[in-house]
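Data block below; observations after.
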Amino acid sequence: APYLKIENLHVAIEGKEILKDFNLEINGGEIHAIMGPNGTGKSTLASALMGHPKYEITSGKVTFNGEDLLEMEVDERAQAGLFLAMQYPSEISGITNADFLRSAINSRREEGDEISLMKFIRKLDEKMDLLEMNQEFAQRYLNEGFSGGEKKRNEILQLMMLEPKIAVLDEIDSGLDIDALKVVSTGVNAMRGEEFGCLIITHYQRLLNYITPDKVHVMMQGRIVKSGGAELAERLEAEGYDWIKEELGIED
Ligand code: ADP
Ligand code: MG
Ligand code: MG
């Protein structure tokens with residue numbers, strides 16, 4: 001089964017240390033959630049994993065299915081099966097959604113093993129139905145004029161089409177109404193299985209009403225300060241973060 005193992009990771013932005021001794025292991029079959037107050041470095045973690053040049057790994061180790069992730073180029077990470085939904089996906093002009101998805105799928109396959117157009121269309125139809133997406137969505141130019149909710153839905157469509165081994169979803173729930181939230185959750189839940197691991201980064205607990213995580217981690221000041229099961233997210237929803245700060249003697 002796939003895995004992502006992060007050990008003693010330290011990450012700095014413009015010389016300022018943001019992640020401090022961050023440790024986490026995600027295995028196939030598991031859905032983890034990271035919650036935490038704003039500015040604690042959740043998105044920094046996601047960006048560092050994807051290899052964003054602005055995020056400097058000052059020390060630590062990340063292993064992805066036995067390989068040194070930090071030695072891999074950005075596109076190699078994606079091709080090896082790591083999926084990262086950005087908080088604000090960029091707009092790419094002139095490429096339809098369907099074209100983009102098909103070439104993304106094929107770039108992850110061996111030459112000669114490309115997905116046939118028929119199979120691709122069948123799979124796309126099936127996933128779009130599940131996500132309650134309008135068919136015309138496939139022919140729209142990538143992200144051009146997509147609403148916030150459409151972008152999120154589209155990210156989940158990408159997830160379902162690409163079938164990565166490990167996905168990191170950063171604030172996939174932000175700005176979604178309840179209907180869109182349910183659809184996004186349906187997509188993630190449909191991916192569940194031994195060959196898929198997922199890290200959901202969220203500021204709010206409400207997404208976790210629809211996707212039950214196996215493990216919940218609280219992040220503060222650049223590291224995980226507490227881990228538990230789904231009940232931890234419920235307690236955070238009810239009581240906020242202050243009790244953890246008190247427990248740990250953290251001042252803000
Ligand atoms: P979170 O996602 O938990 O809200 P972030 O990872 O976005 O937190 O931010 C953590 C800290 O790093 C914050 O103090 C933020 O100001 C800083 N930071 C994040 N991204 C950048 C960046 N691109 N340039 C400079 N500082 C940044
Ligand atoms: Mg933030
Ligand atoms: Mg963030």
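All residue names refer to the structure tokens as shown: chains lettered A, B, ... in order, residues numbered from 1 in each chain, ligands numbered from 1 in order.
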Distance query Glu114 of chain A at most 12 Å, only C-alpha atoms, self and fewer than 6 positions along chain excluded, as an MDAnalysis selection string
chainID A and resid 102:108 120
Within 12 Å of ligand 3, counting only C-alpha atoms and all ligand atoms, residues as a PyMOL selection string
chain A and resi 34-47+85-88+169-174+200-204+219+222
Problem - For Ala48 of chain A: contacts at 8 Å, only C-alpha atoms, fewer than 5 positions along chain excluded, given as number ranges by chain - result: A: 11, 55-57
task = Select from segment 10-205 of chain A everything DSSP, run on the backbone, classes as helix (DSSP H, G or I), then give the selection as a VMD selection string.
result = chain A and resid 42 to 50 69 to 71 74 to 79 97 to 107 117 to 130 135 to 139 148 to 162 178 to 191
Restricting it to C-alpha atoms, dump the selection as a short mmCIF file (atom, residue, chain, number, x, y, z; two decimals), in the first residue's frame.
data_model
loop_
_atom_site.label_atom_id
_atom_site.label_comp_id
_atom_site.auth_asym_id
_atom_site.auth_seq_id
_atom_site.Cartn_x
_atom_site.Cartn_y
_atom_site.Cartn_z
CA LYS A 42 -0.95 24.17 7.27
CA SER A 43 -0.71 25.51 3.73
CA THR A 44 3.06 25.74 4.10
CA LEU A 45 3.11 21.99 4.64
CA ALA A 46 1.08 21.42 1.47
CA SER A 47 3.26 23.74 -0.61
CA ALA A 48 6.48 22.24 0.72
CA LEU A 49 5.27 18.74 -0.16
CA MET A 50 4.52 19.80 -3.69
CA LEU A 69 10.18 12.92 -2.23
CA LEU A 70 12.37 15.96 -1.65
CA GLU A 71 14.76 14.79 -4.37
CA VAL A 74 7.52 18.88 -8.97
CA ASP A 75 6.10 17.00 -11.96
CA GLU A 76 7.78 13.79 -10.86
CA ARG A 77 5.91 14.02 -7.57
CA ALA A 78 2.60 14.28 -9.36
CA GLN A 79 3.52 11.49 -11.75
CA ASN A 97 -11.06 20.66 -18.82
CA ALA A 98 -11.39 17.37 -20.71
CA ASP A 99 -8.15 17.89 -22.67
CA PHE A 100 -6.31 18.73 -19.51
CA LEU A 101 -7.59 15.67 -17.66
CA ARG A 102 -6.81 13.32 -20.51
CA SER A 103 -3.27 14.57 -20.94
CA ALA A 104 -2.74 14.51 -17.16
CA ILE A 105 -3.87 10.89 -17.04
CA ASN A 106 -1.68 9.93 -19.97
CA SER A 107 1.38 11.70 -18.61
CA LEU A 117 -10.77 8.17 -25.90
CA MET A 118 -13.76 5.88 -25.35
CA LYS A 119 -12.62 4.76 -21.93
CA PHE A 120 -11.70 8.29 -20.98
CA ILE A 121 -15.11 9.66 -21.92
CA ARG A 122 -16.90 6.85 -20.12
CA LYS A 123 -14.90 7.45 -16.98
CA LEU A 124 -15.33 11.22 -17.20
CA ASP A 125 -19.11 10.86 -17.61
CA GLU A 126 -19.31 8.52 -14.64
CA LYS A 127 -17.32 10.79 -12.33
CA MET A 128 -19.11 13.94 -13.43
CA ASP A 129 -22.46 12.27 -12.76
CA LEU A 130 -21.33 11.33 -9.27
CA GLN A 135 -21.71 17.90 -18.97
CA GLU A 136 -20.75 21.26 -20.51
CA PHE A 137 -18.17 21.56 -17.77
CA ALA A 138 -15.87 19.15 -19.62
CA GLN A 139 -15.63 21.48 -22.60
CA GLY A 148 -15.14 29.10 -6.23
CA GLY A 149 -17.47 26.14 -5.79
CA GLU A 150 -16.95 24.99 -9.39
CA LYS A 151 -13.19 25.06 -8.91
CA LYS A 152 -13.44 22.87 -5.83
CA ARG A 153 -15.76 20.44 -7.55
CA ASN A 154 -13.37 20.36 -10.45
CA GLU A 155 -10.46 19.59 -8.16
CA ILE A 156 -12.35 16.58 -6.88
CA LEU A 157 -13.11 15.58 -10.46
CA GLN A 158 -9.36 15.73 -11.13
CA LEU A 159 -8.76 13.63 -8.04
CA MET A 160 -11.21 10.98 -9.21
CA MET A 161 -9.88 10.93 -12.76
CA LEU A 162 -6.20 10.81 -11.81
CA ILE A 178 -23.62 22.70 2.06
CA ASP A 179 -24.64 21.15 -1.27
CA ALA A 180 -21.17 21.59 -2.76
CA LEU A 181 -19.63 20.36 0.47
CA LYS A 182 -21.67 17.18 0.25
CA VAL A 183 -20.64 16.61 -3.35
CA VAL A 184 -16.97 17.15 -2.56
CA SER A 185 -17.31 14.69 0.31
CA THR A 186 -19.02 12.13 -1.92
CA GLY A 187 -16.02 12.29 -4.23
CA VAL A 188 -13.44 11.85 -1.48
CA ASN A 189 -15.43 9.03 0.13
CA ALA A 190 -15.68 7.26 -3.23
CA MET A 191 -11.87 7.25 -3.37
#
task: From a DSSP calculation on the backbone, collect every residue of segment 152-194 of chain A in strand (DSSP E) and output the set as a list in words.
output: Ile166, Ala167, Val168, Leu169 and Asp170 of chain A
Nearby residues (only C-alpha atoms) at most 12 Å from Glu231 of chain A, same-chain spacing under 2 positions excluded, as a list in words:
Ala33, Gln205, Leu208, Asn209, Thr212, Pro213, Asp214, Lys215, Val216, His217, Ser227, Gly228, Gly229, Ala233, Glu234, Arg235, Leu236, Glu237 and Ala238 of chain A
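Take the candidates A:Gly145, A:Ile244, A:Cys198, A:Leu131 and check each one against Ile211 of chain A using only C-alpha atoms; the shortest distance goes to A:Cys198.
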